[in-house]
Amino acid sequence: MQPGMEGGCLCGGIRYRLASEPTDAGWCHCRTCQLNSGSPAMAFATVPVADFVLLAGADLVGSVASSETGERRFCTHCGTPLLMQDKGATTVDFSLATLDEPGRVRPGFHIFYESRIGWAEAGDDLPRHPRSRRESGSA
């Protein structure tokens, strides 16, 4: 993956560029990600806050508190979920599917697997963590 990959929302109103290579790509099966994405799990990766660079559509970015410490950002026009950030964090977790070429970044693990929907078992051999990787003793 080369820094400078770009992505955006469904309607095209929001565009962004990654100024660094994403890390910690994975699948999240928590209930919040399920509700946010409308899917059984959400694929994400991490970059430093300053490296998620908005190119267009700053006025279309909405936010909602998704937990006591987390905030989700999305396109207010089309609803595309863009990223999640914990308060005070120096990184953001962005939705891999919003990249123009999402296949170039492969998830390497599953988190919050204990929250998965029963009919949506992962069909891969990636490590599965019941909750976060930190709570599972790896990170």
# chains A, B, ... in the order shown; residues from 1 in each chain; ligands from 1

$ residues_around --residues "Leu126 (chain A)" --least-positions-apart "6" --cutoff "12 Å" --atoms "only C-alpha atoms" --output "list in words"
Ala25, Gly26, Trp27, Arg106, Pro107, Gly108, Phe109, His110, Ile111 and Tyr113 of chain A

$ write_last_selection --atoms "all heavy atoms" --output "short mmCIF file (atom, residue, chain, number, x, y, z; two decimals), in the first residue's frame"
data_model
loop_
_atom_site.label_atom_id
_atom_site.label_comp_id
_atom_site.auth_asym_id
_atom_site.auth_seq_id
_atom_site.Cartn_x
_atom_site.Cartn_y
_atom_site.Cartn_z
N ALA A 25 -5.32 -3.29 10.43
CA ALA A 25 -6.55 -3.57 9.69
C ALA A 25 -7.21 -4.81 10.27
O ALA A 25 -6.56 -5.83 10.48
CB ALA A 25 -6.25 -3.75 8.21
N GLY A 26 -8.50 -4.72 10.51
CA GLY A 26 -9.22 -5.85 11.08
C GLY A 26 -10.72 -5.75 10.86
O GLY A 26 -11.22 -4.80 10.25
N TRP A 27 -11.41 -6.75 11.37
CA TRP A 27 -12.87 -6.80 11.35
C TRP A 27 -13.36 -6.56 12.76
O TRP A 27 -12.88 -7.20 13.70
CB TRP A 27 -13.35 -8.19 10.93
CG TRP A 27 -13.19 -8.52 9.49
CD1 TRP A 27 -12.18 -9.25 8.92
CD2 TRP A 27 -14.08 -8.17 8.44
NE1 TRP A 27 -12.39 -9.35 7.58
CE2 TRP A 27 -13.56 -8.70 7.26
CE3 TRP A 27 -15.28 -7.45 8.39
CZ2 TRP A 27 -14.18 -8.55 6.04
CZ3 TRP A 27 -15.91 -7.29 7.17
CH2 TRP A 27 -15.35 -7.84 6.00
N ARG A 106 -5.73 -5.55 3.60
CA ARG A 106 -6.40 -6.77 4.04
C ARG A 106 -6.51 -6.83 5.56
O ARG A 106 -5.52 -6.66 6.26
CB ARG A 106 -5.64 -8.00 3.56
CG ARG A 106 -5.59 -8.10 2.04
CD ARG A 106 -4.92 -9.38 1.64
NE ARG A 106 -5.79 -10.48 2.00
CZ ARG A 106 -6.50 -11.18 1.12
NH1 ARG A 106 -6.41 -10.90 -0.15
NH2 ARG A 106 -7.26 -12.16 1.51
N PRO A 107 -7.71 -7.10 6.08
CA PRO A 107 -7.85 -7.29 7.53
C PRO A 107 -7.00 -8.47 8.00
O PRO A 107 -6.83 -9.46 7.27
CB PRO A 107 -9.34 -7.58 7.70
CG PRO A 107 -9.99 -6.98 6.50
CD PRO A 107 -8.99 -7.17 5.38
N GLY A 108 -6.47 -8.35 9.23
CA GLY A 108 -5.60 -9.39 9.76
C GLY A 108 -6.11 -10.05 11.03
O GLY A 108 -5.44 -10.92 11.59
N PHE A 109 -7.31 -9.67 11.52
CA PHE A 109 -7.84 -10.22 12.75
C PHE A 109 -9.31 -9.85 12.88
O PHE A 109 -9.82 -9.03 12.12
CB PHE A 109 -7.06 -9.70 13.97
CG PHE A 109 -7.04 -8.19 14.06
CD1 PHE A 109 -8.06 -7.49 14.68
CD2 PHE A 109 -6.00 -7.47 13.49
CE1 PHE A 109 -8.05 -6.11 14.73
CE2 PHE A 109 -5.98 -6.08 13.54
CZ PHE A 109 -7.01 -5.40 14.16
N HIS A 110 -9.97 -10.45 13.85
CA HIS A 110 -11.35 -10.13 14.22
C HIS A 110 -11.34 -9.68 15.67
O HIS A 110 -10.68 -10.32 16.51
CB HIS A 110 -12.26 -11.36 14.10
CG HIS A 110 -12.41 -11.86 12.70
ND1 HIS A 110 -13.42 -11.46 11.87
CD2 HIS A 110 -11.67 -12.75 12.00
CE1 HIS A 110 -13.31 -12.08 10.71
NE2 HIS A 110 -12.25 -12.88 10.76
N ILE A 111 -12.09 -8.62 15.99
CA ILE A 111 -12.26 -8.21 17.39
C ILE A 111 -13.74 -8.23 17.74
O ILE A 111 -14.60 -8.21 16.85
CB ILE A 111 -11.64 -6.84 17.69
CG1 ILE A 111 -12.21 -5.74 16.80
CG2 ILE A 111 -10.12 -6.90 17.59
CD1 ILE A 111 -11.76 -4.32 17.18
N TYR A 113 -15.41 -10.65 18.73
CA TYR A 113 -16.01 -11.80 18.07
C TYR A 113 -17.11 -12.42 18.91
O TYR A 113 -18.02 -13.04 18.37
CB TYR A 113 -14.92 -12.83 17.71
CG TYR A 113 -15.34 -13.75 16.60
CD1 TYR A 113 -15.50 -13.25 15.30
CD2 TYR A 113 -15.59 -15.09 16.81
CE1 TYR A 113 -15.90 -14.08 14.27
CE2 TYR A 113 -15.98 -15.93 15.78
CZ TYR A 113 -16.13 -15.42 14.51
OH TYR A 113 -16.53 -16.24 13.48
#

$ select_by_dssp --residues "region 19-71 of chain A" --states "helix (DSSP H, G or I)" --output "NGL selection string"
:A and (31-37 or 49-51 or 58-60)

$ closest_residue --among "A:Ala56, A:Ile14, A:Ala65, A:Met42" --to "Ala97 (chain A)" --atoms "only C-alpha atoms"
A:Met42

$ atom_distance --atom1 "CA of Asp59 (chain A)" --atom2 "CA of Gly12 (chain A)"
13.0 Å

$ closest_residue --among "A:Pro127, A:Gly13, A:Gly4, A:Gly38" --to "Asp51 (chain A)" --atoms "only C-alpha atoms"
A:Gly4

$ select_by_dssp --residues "region 23-67 of chain A" --states "strand (DSSP E or B)" --output "PyMOL selection string"
chain A and resi 23-28+42-48+52-56+61-65

$ write_last_selection --atoms "N, CA, C and O atoms" --output "mmCIF file, in the first residue's frame"
data_model
loop_
_atom_site.group_PDB
_atom_site.id
_atom_site.type_symbol
_atom_site.label_atom_id
_atom_site.label_comp_id
_atom_site.auth_asym_id
_atom_site.auth_seq_id
_atom_site.Cartn_x
_atom_site.Cartn_y
_atom_site.Cartn_z
ATOM 1 N N THR A 23 -2.475 0.904 9.419
ATOM 2 C CA THR A 23 -2.028 -0.214 10.245
ATOM 3 C C THR A 23 -3.247 -0.852 10.901
ATOM 4 O O THR A 23 -4.357 -0.324 10.832
ATOM 5 N N ASP A 24 -3.010 -1.970 11.564
ATOM 6 C CA ASP A 24 -4.042 -2.630 12.381
ATOM 7 C C ASP A 24 -5.362 -2.835 11.654
ATOM 8 O O ASP A 24 -6.431 -2.600 12.218
ATOM 9 N N ALA A 25 -5.318 -3.294 10.428
ATOM 10 C CA ALA A 25 -6.551 -3.571 9.692
ATOM 11 C C ALA A 25 -7.214 -4.813 10.268
ATOM 12 O O ALA A 25 -6.559 -5.829 10.484
ATOM 13 N N GLY A 26 -8.499 -4.720 10.514
ATOM 14 C CA GLY A 26 -9.223 -5.854 11.079
ATOM 15 C C GLY A 26 -10.722 -5.746 10.859
ATOM 16 O O GLY A 26 -11.215 -4.796 10.249
ATOM 17 N N TRP A 27 -11.406 -6.753 11.369
ATOM 18 C CA TRP A 27 -12.865 -6.804 11.349
ATOM 19 C C TRP A 27 -13.364 -6.563 12.764
ATOM 20 O O TRP A 27 -12.876 -7.198 13.703
ATOM 21 N N CYS A 28 -14.356 -5.694 12.939
ATOM 22 C CA CYS A 28 -14.975 -5.492 14.252
ATOM 23 C C CYS A 28 -16.404 -6.017 14.203
ATOM 24 O O CYS A 28 -17.181 -5.652 13.328
ATOM 25 N N MET A 42 -17.646 -4.819 10.553
ATOM 26 C CA MET A 42 -17.115 -3.694 9.781
ATOM 27 C C MET A 42 -15.601 -3.835 9.670
ATOM 28 O O MET A 42 -14.924 -4.056 10.670
ATOM 29 N N ALA A 43 -15.080 -3.731 8.447
ATOM 30 C CA ALA A 43 -13.640 -3.786 8.220
ATOM 31 C C ALA A 43 -13.074 -2.379 8.380
ATOM 32 O O ALA A 43 -13.631 -1.413 7.854
ATOM 33 N N PHE A 44 -11.978 -2.271 9.116
ATOM 34 C CA PHE A 44 -11.394 -0.975 9.420
ATOM 35 C C PHE A 44 -9.880 -1.057 9.407
ATOM 36 O O PHE A 44 -9.298 -2.140 9.414
ATOM 37 N N ALA A 45 -9.231 0.086 9.399
ATOM 38 C CA ALA A 45 -7.787 0.199 9.576
ATOM 39 C C ALA A 45 -7.527 1.532 10.272
ATOM 40 O O ALA A 45 -8.415 2.381 10.381
ATOM 41 N N THR A 46 -6.293 1.706 10.732
ATOM 42 C CA THR A 46 -5.938 2.841 11.562
ATOM 43 C C THR A 46 -4.867 3.704 10.893
ATOM 44 O O THR A 46 -3.950 3.175 10.265
ATOM 45 N N VAL A 47 -5.008 5.006 11.043
ATOM 46 C CA VAL A 47 -3.968 5.967 10.655
ATOM 47 C C VAL A 47 -3.918 7.060 11.724
ATOM 48 O O VAL A 47 -4.899 7.281 12.441
ATOM 49 N N PRO A 48 -2.781 7.779 11.832
ATOM 50 C CA PRO A 48 -2.743 8.940 12.714
ATOM 51 C C PRO A 48 -3.808 9.962 12.286
ATOM 52 O O PRO A 48 -4.102 10.093 11.091
ATOM 53 N N PHE A 52 -5.345 11.358 8.035
ATOM 54 C CA PHE A 52 -6.646 11.212 7.375
ATOM 55 C C PHE A 52 -7.016 12.622 6.913
ATOM 56 O O PHE A 52 -7.545 13.426 7.668
ATOM 57 N N VAL A 53 -6.674 12.926 5.669
ATOM 58 C CA VAL A 53 -6.747 14.297 5.156
ATOM 59 C C VAL A 53 -7.996 14.465 4.286
ATOM 60 O O VAL A 53 -8.124 13.814 3.244
ATOM 61 N N LEU A 54 -8.892 15.339 4.723
ATOM 62 C CA LEU A 54 -10.077 15.635 3.918
ATOM 63 C C LEU A 54 -9.689 16.487 2.725
ATOM 64 O O LEU A 54 -9.023 17.511 2.866
ATOM 65 N N LEU A 55 -10.100 16.048 1.546
ATOM 66 C CA LEU A 55 -9.846 16.796 0.313
ATOM 67 C C LEU A 55 -11.054 17.615 -0.091
ATOM 68 O O LEU A 55 -10.926 18.657 -0.725
ATOM 69 N N ALA A 56 -12.239 17.105 0.239
ATOM 70 C CA ALA A 56 -13.488 17.780 -0.125
ATOM 71 C C ALA A 56 -14.584 17.331 0.830
ATOM 72 O O ALA A 56 -14.557 16.213 1.344
ATOM 73 N N VAL A 61 -19.414 16.461 6.794
ATOM 74 C CA VAL A 61 -19.049 15.493 7.823
ATOM 75 C C VAL A 61 -19.879 15.731 9.078
ATOM 76 O O VAL A 61 -19.846 16.805 9.674
ATOM 77 N N GLY A 62 -20.642 14.715 9.443
ATOM 78 C CA GLY A 62 -21.408 14.751 10.681
ATOM 79 C C GLY A 62 -20.753 13.860 11.702
ATOM 80 O O GLY A 62 -19.889 13.039 11.374
ATOM 81 N N SER A 63 -21.145 14.007 12.958
ATOM 82 C CA SER A 63 -20.584 13.157 13.998
ATOM 83 C C SER A 63 -21.658 12.802 15.010
ATOM 84 O O SER A 63 -22.638 13.525 15.188
ATOM 85 N N VAL A 64 -21.455 11.667 15.653
ATOM 86 C CA VAL A 64 -22.348 11.208 16.704
ATOM 87 C C VAL A 64 -21.512 10.483 17.749
ATOM 88 O O VAL A 64 -20.580 9.744 17.403
ATOM 89 N N ALA A 65 -21.810 10.723 19.017
ATOM 90 C CA ALA A 65 -21.147 9.980 20.089
ATOM 91 C C ALA A 65 -21.690 8.559 20.041
ATOM 92 O O ALA A 65 -22.900 8.348 20.109
#

$ atom_distance --atom1 "CA of Arg133 (chain A)" --atom2 "CA of Arg31 (chain A)"
16.3 Å

$ closest_residue --among "A:Ala58, A:Met5, A:Cys11, A:Cys33" --to "Cys78 (chain A)" --atoms "only C-alpha atoms"
A:Cys11

$ atom_distance --atom1 "CA of Leu10 (chain A)" --atom2 "CA of Thr76 (chain A)"
11.0 Å

$ closest_residue --among "A:Gly70, A:Arg15, A:Cys75, A:His29" --to "Arg131 (chain A)" --atoms "only C-alpha atoms"
A:His29

$ decode --residues "region 53-68 of chain A" --atoms "all heavy atoms" --output "PDB file, in the first residue's frame"
ATOM      1  N   VAL A  53      -6.674  12.926   5.669  1.00  0.00           N
ATOM      2  CA  VAL A  53      -6.747  14.297   5.156  1.00  0.00           C
ATOM      3  C   VAL A  53      -7.996  14.465   4.286  1.00  0.00           C
ATOM      4  O   VAL A  53      -8.124  13.814   3.244  1.00  0.00           O
ATOM      5  CB  VAL A  53      -5.482  14.628   4.331  1.00  0.00           C
ATOM      6  CG1 VAL A  53      -5.539  16.047   3.798  1.00  0.00           C
ATOM      7  CG2 VAL A  53      -4.224  14.381   5.154  1.00  0.00           C
ATOM      8  N   LEU A  54      -8.892  15.339   4.723  1.00  0.00           N
ATOM      9  CA  LEU A  54     -10.077  15.635   3.918  1.00  0.00           C
ATOM     10  C   LEU A  54      -9.689  16.487   2.725  1.00  0.00           C
ATOM     11  O   LEU A  54      -9.023  17.511   2.866  1.00  0.00           O
ATOM     12  CB  LEU A  54     -11.126  16.369   4.739  1.00  0.00           C
ATOM     13  CG  LEU A  54     -11.961  15.510   5.671  1.00  0.00           C
ATOM     14  CD1 LEU A  54     -12.902  16.389   6.495  1.00  0.00           C
ATOM     15  CD2 LEU A  54     -12.751  14.464   4.909  1.00  0.00           C
ATOM     16  N   LEU A  55     -10.100  16.048   1.546  1.00  0.00           N
ATOM     17  CA  LEU A  55      -9.846  16.796   0.313  1.00  0.00           C
ATOM     18  C   LEU A  55     -11.054  17.615  -0.091  1.00  0.00           C
ATOM     19  O   LEU A  55     -10.926  18.657  -0.725  1.00  0.00           O
ATOM     20  CB  LEU A  55      -9.484  15.836  -0.821  1.00  0.00           C
ATOM     21  CG  LEU A  55      -8.285  14.926  -0.596  1.00  0.00           C
ATOM     22  CD1 LEU A  55      -8.148  13.931  -1.743  1.00  0.00           C
ATOM     23  CD2 LEU A  55      -7.024  15.764  -0.431  1.00  0.00           C
ATOM     24  N   ALA A  56     -12.239  17.105   0.239  1.00  0.00           N
ATOM     25  CA  ALA A  56     -13.488  17.780  -0.125  1.00  0.00           C
ATOM     26  C   ALA A  56     -14.584  17.331   0.830  1.00  0.00           C
ATOM     27  O   ALA A  56     -14.557  16.213   1.344  1.00  0.00           O
ATOM     28  CB  ALA A  56     -13.884  17.437  -1.560  1.00  0.00           C
ATOM     29  N   GLY A  57     -15.538  18.198   1.050  1.00  0.00           N
ATOM     30  CA  GLY A  57     -16.729  17.838   1.803  1.00  0.00           C
ATOM     31  C   GLY A  57     -16.665  18.008   3.302  1.00  0.00           C
ATOM     32  O   GLY A  57     -17.485  17.429   4.010  1.00  0.00           O
ATOM     33  N   ALA A  58     -15.754  18.821   3.806  1.00  0.00           N
ATOM     34  CA  ALA A  58     -15.668  19.017   5.259  1.00  0.00           C
ATOM     35  C   ALA A  58     -17.014  19.459   5.827  1.00  0.00           C
ATOM     36  O   ALA A  58     -17.373  19.092   6.946  1.00  0.00           O
ATOM     37  CB  ALA A  58     -14.575  20.031   5.601  1.00  0.00           C
ATOM     38  N   ASP A  59     -17.779  20.217   5.053  1.00  0.00           N
ATOM     39  CA  ASP A  59     -19.078  20.702   5.515  1.00  0.00           C
ATOM     40  C   ASP A  59     -20.126  19.594   5.547  1.00  0.00           C
ATOM     41  O   ASP A  59     -21.205  19.770   6.119  1.00  0.00           O
ATOM     42  CB  ASP A  59     -19.558  21.848   4.624  1.00  0.00           C
ATOM     43  CG  ASP A  59     -19.688  21.460   3.166  1.00  0.00           C
ATOM     44  OD1 ASP A  59     -18.851  20.664   2.670  1.00  0.00           O
ATOM     45  OD2 ASP A  59     -20.607  21.964   2.491  1.00  0.00           O
ATOM     46  N   LEU A  60     -19.839  18.439   4.957  1.00  0.00           N
ATOM     47  CA  LEU A  60     -20.777  17.310   4.945  1.00  0.00           C
ATOM     48  C   LEU A  60     -20.500  16.292   6.049  1.00  0.00           C
ATOM     49  O   LEU A  60     -21.259  15.347   6.205  1.00  0.00           O
ATOM     50  CB  LEU A  60     -20.736  16.590   3.592  1.00  0.00           C
ATOM     51  CG  LEU A  60     -21.199  17.399   2.385  1.00  0.00           C
ATOM     52  CD1 LEU A  60     -21.002  16.584   1.113  1.00  0.00           C
ATOM     53  CD2 LEU A  60     -22.656  17.810   2.552  1.00  0.00           C
ATOM     54  N   VAL A  61     -19.414  16.461   6.794  1.00  0.00           N
ATOM     55  CA  VAL A  61     -19.049  15.493   7.823  1.00  0.00           C
ATOM     56  C   VAL A  61     -19.879  15.731   9.078  1.00  0.00           C
ATOM     57  O   VAL A  61     -19.846  16.805   9.674  1.00  0.00           O
ATOM     58  CB  VAL A  61     -17.543  15.561   8.162  1.00  0.00           C
ATOM     59  CG1 VAL A  61     -17.204  14.589   9.279  1.00  0.00           C
ATOM     60  CG2 VAL A  61     -16.708  15.267   6.925  1.00  0.00           C
ATOM     61  N   GLY A  62     -20.642  14.715   9.443  1.00  0.00           N
ATOM     62  CA  GLY A  62     -21.408  14.751  10.681  1.00  0.00           C
ATOM     63  C   GLY A  62     -20.753  13.860  11.702  1.00  0.00           C
ATOM     64  O   GLY A  62     -19.889  13.039  11.374  1.00  0.00           O
ATOM     65  N   SER A  63     -21.145  14.007  12.958  1.00  0.00           N
ATOM     66  CA  SER A  63     -20.584  13.157  13.998  1.00  0.00           C
ATOM     67  C   SER A  63     -21.658  12.802  15.010  1.00  0.00           C
ATOM     68  O   SER A  63     -22.638  13.525  15.188  1.00  0.00           O
ATOM     69  CB  SER A  63     -19.398  13.831  14.684  1.00  0.00           C
ATOM     70  OG  SER A  63     -19.832  14.976  15.391  1.00  0.00           O
ATOM     71  N   VAL A  64     -21.455  11.667  15.653  1.00  0.00           N
ATOM     72  CA  VAL A  64     -22.348  11.208  16.704  1.00  0.00           C
ATOM     73  C   VAL A  64     -21.512  10.483  17.749  1.00  0.00           C
ATOM     74  O   VAL A  64     -20.580   9.744  17.403  1.00  0.00           O
ATOM     75  CB  VAL A  64     -23.465  10.291  16.135  1.00  0.00           C
ATOM     76  CG1 VAL A  64     -22.895   9.020  15.524  1.00  0.00           C
ATOM     77  CG2 VAL A  64     -24.499   9.971  17.195  1.00  0.00           C
ATOM     78  N   ALA A  65     -21.810  10.723  19.017  1.00  0.00           N
ATOM     79  CA  ALA A  65     -21.147   9.980  20.089  1.00  0.00           C
ATOM     80  C   ALA A  65     -21.690   8.559  20.041  1.00  0.00           C
ATOM     81  O   ALA A  65     -22.900   8.348  20.109  1.00  0.00           O
ATOM     82  CB  ALA A  65     -21.428  10.627  21.438  1.00  0.00           C
ATOM     83  N   SER A  66     -20.789   7.594  19.896  1.00  0.00           N
ATOM     84  CA  SER A  66     -21.221   6.197  19.803  1.00  0.00           C
ATOM     85  C   SER A  66     -20.956   5.435  21.095  1.00  0.00           C
ATOM     86  O   SER A  66     -21.352   4.282  21.222  1.00  0.00           O
ATOM     87  CB  SER A  66     -20.551   5.508  18.616  1.00  0.00           C
ATOM     88  OG  SER A  66     -19.144   5.617  18.706  1.00  0.00           O
ATOM     89  N   SER A  67     -20.272   6.071  22.022  1.00  0.00           N
ATOM     90  CA  SER A  67     -20.019   5.500  23.343  1.00  0.00           C
ATOM     91  C   SER A  67     -19.595   6.652  24.253  1.00  0.00           C
ATOM     92  O   SER A  67     -19.547   7.802  23.812  1.00  0.00           O
ATOM     93  CB  SER A  67     -18.918   4.437  23.284  1.00  0.00           C
ATOM     94  OG  SER A  67     -17.659   5.038  23.024  1.00  0.00           O
ATOM     95  N   GLU A  68     -19.249   6.343  25.479  1.00  0.00           N
ATOM     96  CA  GLU A  68     -18.785   7.395  26.393  1.00  0.00           C
ATOM     97  C   GLU A  68     -17.492   8.024  25.901  1.00  0.00           C
ATOM     98  O   GLU A  68     -17.212   9.180  26.186  1.00  0.00           O
ATOM     99  CB  GLU A  68     -18.585   6.827  27.798  1.00  0.00           C
ATOM    100  CG  GLU A  68     -19.871   6.474  28.492  1.00  0.00           C
ATOM    101  CD  GLU A  68     -19.641   5.940  29.885  1.00  0.00           C
ATOM    102  OE1 GLU A  68     -18.555   6.147  30.462  1.00  0.00           O
ATOM    103  OE2 GLU A  68     -20.569   5.308  30.406  1.00  0.00           O
TER     104      GLU A  68
END
